[in-house]
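Enquirer: This is the structure I want to talk about, given as structure tokens.
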Amino acid sequence: MKIAIGGDHGGFELKDKLITFLKSQNHEVIDMGAYEFNSTDDYPDFCFPVAKMVAEKKADRGIISCMSGIGAVITANKVKGVRAGLCHTEYLARQGVEHDDMNVLCLGAIIVDHNIVENLVLEFLNAKFLTDEKYTRRLNKVINIENSEEL
């Protein structure tokens, strides 16, 4: 799977750890930065490029880390076609894909348990959207809102 990944200063260390892990799992990783620790960088500079890669189908999924994950999820969800979720448990990472077709995983580096973060990422990557009528109906409503001219 091709995975775009990014993180600001708050998520920098976790991002680098996950890159190593993802490569060990034979995933193709596209690192969208930060490439060096800079305590004054801004999360949108790394979240937006990851979300854009997913929206343009240049990556199958995206992973973004920042201090709390809140900035990452807000930024990513501004990009049409992205369904980002802030997850701190394996259940949320799997369920977000299965029920909501989540395609970008956001992680709060100081929130998520680093002892389970690799399993959490695997749940996200291995999950598939369940095409049951209720999930498809709900996803289509979200897509219709996104495409609405009333925004």
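Residue names in the structure tokens use chain letters A, B, ... in the order shown, residue numbers from 1 in each chain, and ligand numbers from 1 in the order shown.
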Find the residues around A:Arg137 up to 12 Å (only C-alpha atoms counted), leave out those fewer than 6 positions away in its own chain, and share them as JSON, numbers by chain.
Expert: {"A": [99, 100, 101, 130, 131, 143, 144]}
Enquirer: How would the residues just picked look written out with N, CA and C atoms as an mmCIF file, in the first residue's frame?
Expert:
data_model
loop_
_atom_site.group_PDB
_atom_site.id
_atom_site.type_symbol
_atom_site.label_atom_id
_atom_site.label_comp_id
_atom_site.auth_asym_id
_atom_site.auth_seq_id
_atom_site.Cartn_x
_atom_site.Cartn_y
_atom_site.Cartn_z
ATOM 1 N N HIS A 99 -16.820 1.713 8.818
ATOM 2 C CA HIS A 99 -18.134 2.364 8.823
ATOM 3 C C HIS A 99 -18.154 3.688 8.072
ATOM 4 N N ASP A 100 -17.025 4.397 8.035
ATOM 5 C CA ASP A 100 -17.017 5.769 7.526
ATOM 6 C C ASP A 100 -16.069 5.992 6.362
ATOM 7 N N ASP A 101 -15.400 4.943 5.900
ATOM 8 C CA ASP A 101 -14.463 5.019 4.787
ATOM 9 C C ASP A 101 -13.356 6.041 5.042
ATOM 10 N N LEU A 130 -16.988 -1.344 4.834
ATOM 11 C CA LEU A 130 -18.078 -2.316 4.731
ATOM 12 C C LEU A 130 -19.169 -1.717 3.854
ATOM 13 N N THR A 131 -19.518 -2.414 2.809
ATOM 14 C CA THR A 131 -20.453 -1.860 1.823
ATOM 15 C C THR A 131 -21.912 -2.167 2.151
ATOM 16 N N ILE A 143 -20.754 12.582 1.407
ATOM 17 C CA ILE A 143 -20.224 13.039 0.125
ATOM 18 C C ILE A 143 -21.137 14.111 -0.477
ATOM 19 N N ASN A 144 -22.439 13.941 -0.354
ATOM 20 C CA ASN A 144 -23.374 14.956 -0.855
ATOM 21 C C ASN A 144 -23.211 16.279 -0.119
#
Enquirer: Which neighbours of A:Lys78 fall inside 10 Å, counting only C-alpha atoms, when residues of the same chain fewer than 3 positions from it are skipped, and could you give them as a list in words?
Expert: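 These residues fall inside the cut-off: Phe48, Ala51, Lys52, Val73, Ile74, Thr75, Gly81, Val82, Arg83, Ala84 and Glu146 of chain A.
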Enquirer: Please provide the set of residues having any atom within 12 Å of stretch 66-71 of chain A, restricted to only C-alpha atoms, with same-chain residues fewer than 6 positions apart removed, written as a PyMOL selection string.
Expert: chain A and resi 5-15+33-34+39+41-48+77-78+84-88+104-112
Enquirer: Could you write those residues out with N, CA and C atoms, as a compact mmCIF listing (two decimals), in the first residue's frame?
Expert:
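Saved the output as selection.txt:
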# COMPACT_ATOMS: atom_id res chain seq x y z
N ILE A 5 2.67 10.26 4.64
CA ILE A 5 2.78 10.51 6.07
C ILE A 5 3.40 11.86 6.32
N GLY A 6 2.93 12.53 7.36
CA GLY A 6 3.49 13.83 7.71
C GLY A 6 3.29 14.12 9.18
N GLY A 7 4.08 15.06 9.67
CA GLY A 7 3.94 15.47 11.05
C GLY A 7 4.75 16.71 11.33
N ASP A 8 4.21 17.54 12.21
CA ASP A 8 4.92 18.75 12.62
C ASP A 8 5.86 18.42 13.77
N HIS A 9 6.36 19.45 14.44
CA HIS A 9 7.30 19.24 15.55
C HIS A 9 6.71 18.35 16.64
N GLY A 10 5.41 18.48 16.89
CA GLY A 10 4.76 17.69 17.93
C GLY A 10 4.65 16.22 17.57
N GLY A 11 4.59 15.93 16.29
CA GLY A 11 4.46 14.55 15.83
C GLY A 11 5.69 14.02 15.13
N PHE A 12 6.75 14.82 15.11
CA PHE A 12 7.95 14.48 14.35
C PHE A 12 8.55 13.13 14.75
N GLU A 13 8.74 12.92 16.03
CA GLU A 13 9.36 11.68 16.50
C GLU A 13 8.47 10.47 16.19
N LEU A 14 7.16 10.60 16.40
CA LEU A 14 6.23 9.51 16.10
C LEU A 14 6.21 9.22 14.61
N LYS A 15 6.21 10.26 13.79
CA LYS A 15 6.22 10.08 12.33
C LYS A 15 7.43 9.26 11.90
N GLY A 33 7.12 15.34 5.20
CA GLY A 33 7.74 16.23 6.16
C GLY A 33 7.01 16.21 7.49
N ALA A 34 7.55 16.86 8.41
CA ALA A 34 8.78 17.61 8.49
C ALA A 34 9.97 16.67 8.37
N SER A 39 10.92 23.43 16.23
CA SER A 39 9.91 23.66 17.27
C SER A 39 8.89 24.73 16.93
N ASP A 41 7.53 25.07 13.68
CA ASP A 41 6.81 24.81 12.43
C ASP A 41 5.31 24.72 12.69
N ASP A 42 4.52 24.69 11.62
CA ASP A 42 3.06 24.73 11.72
C ASP A 42 2.44 23.50 11.08
N TYR A 43 1.53 22.84 11.82
CA TYR A 43 0.93 21.59 11.36
C TYR A 43 0.27 21.65 9.99
N PRO A 44 -0.38 22.75 9.58
CA PRO A 44 -1.01 22.72 8.24
C PRO A 44 0.00 22.50 7.11
N ASP A 45 1.25 22.91 7.33
CA ASP A 45 2.27 22.76 6.30
C ASP A 45 2.58 21.30 5.99
N PHE A 46 2.23 20.39 6.90
CA PHE A 46 2.49 18.97 6.70
C PHE A 46 1.20 18.17 6.54
N CYS A 47 0.13 18.64 7.16
CA CYS A 47 -1.17 17.95 7.07
C CYS A 47 -1.78 18.10 5.68
N PHE A 48 -1.75 19.32 5.17
CA PHE A 48 -2.36 19.56 3.86
C PHE A 48 -1.72 18.72 2.75
N ASN A 77 -9.50 17.43 6.99
CA ASN A 77 -10.91 17.38 6.59
C ASN A 77 -11.35 18.60 5.78
N LYS A 78 -10.47 19.56 5.60
CA LYS A 78 -10.77 20.69 4.71
C LYS A 78 -10.56 20.32 3.24
N ALA A 84 -10.83 12.19 7.39
CA ALA A 84 -9.80 12.00 8.40
C ALA A 84 -10.44 11.78 9.76
N GLY A 85 -9.82 10.91 10.54
CA GLY A 85 -10.29 10.66 11.89
C GLY A 85 -9.14 10.67 12.88
N LEU A 86 -9.41 11.24 14.04
CA LEU A 86 -8.45 11.25 15.14
C LEU A 86 -8.70 9.99 15.96
N CYS A 87 -7.72 9.11 15.99
CA CYS A 87 -7.90 7.81 16.65
C CYS A 87 -6.81 7.58 17.68
N HIS A 88 -7.21 7.03 18.80
CA HIS A 88 -6.25 6.67 19.84
C HIS A 88 -6.43 5.24 20.34
N VAL A 104 -7.64 8.94 6.05
CA VAL A 104 -6.49 9.58 6.70
C VAL A 104 -6.61 9.37 8.20
N LEU A 105 -5.57 8.81 8.77
CA LEU A 105 -5.50 8.58 10.21
C LEU A 105 -4.71 9.70 10.85
N CYS A 106 -5.31 10.34 11.84
CA CYS A 106 -4.63 11.41 12.58
C CYS A 106 -4.32 10.90 13.98
N LEU A 107 -3.11 11.19 14.41
CA LEU A 107 -2.63 10.71 15.70
C LEU A 107 -2.11 11.87 16.54
N GLY A 108 -2.57 11.92 17.77
CA GLY A 108 -2.02 12.87 18.72
C GLY A 108 -0.83 12.22 19.40
N ALA A 109 0.36 12.73 19.12
CA ALA A 109 1.59 12.09 19.58
C ALA A 109 1.68 12.02 21.11
N ILE A 110 1.07 12.98 21.81
CA ILE A 110 1.12 12.92 23.27
C ILE A 110 -0.13 12.25 23.85
N ILE A 111 -1.06 11.87 23.00
CA ILE A 111 -2.31 11.24 23.44
C ILE A 111 -2.27 9.73 23.23
N VAL A 112 -1.82 9.32 22.06
CA VAL A 112 -1.86 7.90 21.70
C VAL A 112 -0.85 7.11 22.53
Enquirer: Using only C-alpha atoms for the distances, tell me which of A:Phe37, A:Val97, A:Ala59, A:Ala76 is nearest to A:Ala4.
Expert: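 Looking only at the distances to A:Ala4, the closest residue turns out to be A:Ala59.
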Enquirer: What is the atom CA of A:Leu139-atom CA of A:Leu120 distance in Å, reported with one decimal?
Expert: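 A separation of 22.7 Å between them.
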Enquirer: Could you give me, as a VMD selection string, each residue of stretch 6-145 of chain A that DSSP assigns to helix (DSSP H, G or I) when run on this structure's backbone?
Expert: chain A and resid 12 to 24 44 to 55 70 to 76 90 to 100 117 to 126 133 to 145
Enquirer: Expressed in Å to a single decimal, how great is the separation between atom CA of A:Lys134 and atom CA of A:Asn103?
Expert: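 A separation of 18.7 Å between them.
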Enquirer: At a cut-off of 12 Å, using only C-alpha atoms, what residues contact A:Tyr91? Leave out same-chain residues fewer than 6 positions from it and give the result as a ChimeraX atom specification.
Expert: /A:97-99,116-117,119-124,127
Enquirer: Quick one, how far is atom CA of A:Lys57 from atom CA of A:Asn38?
Expert: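 Between atom CA of A:Lys57 and atom CA of A:Asn38 the gap works out to 29.0 Å.
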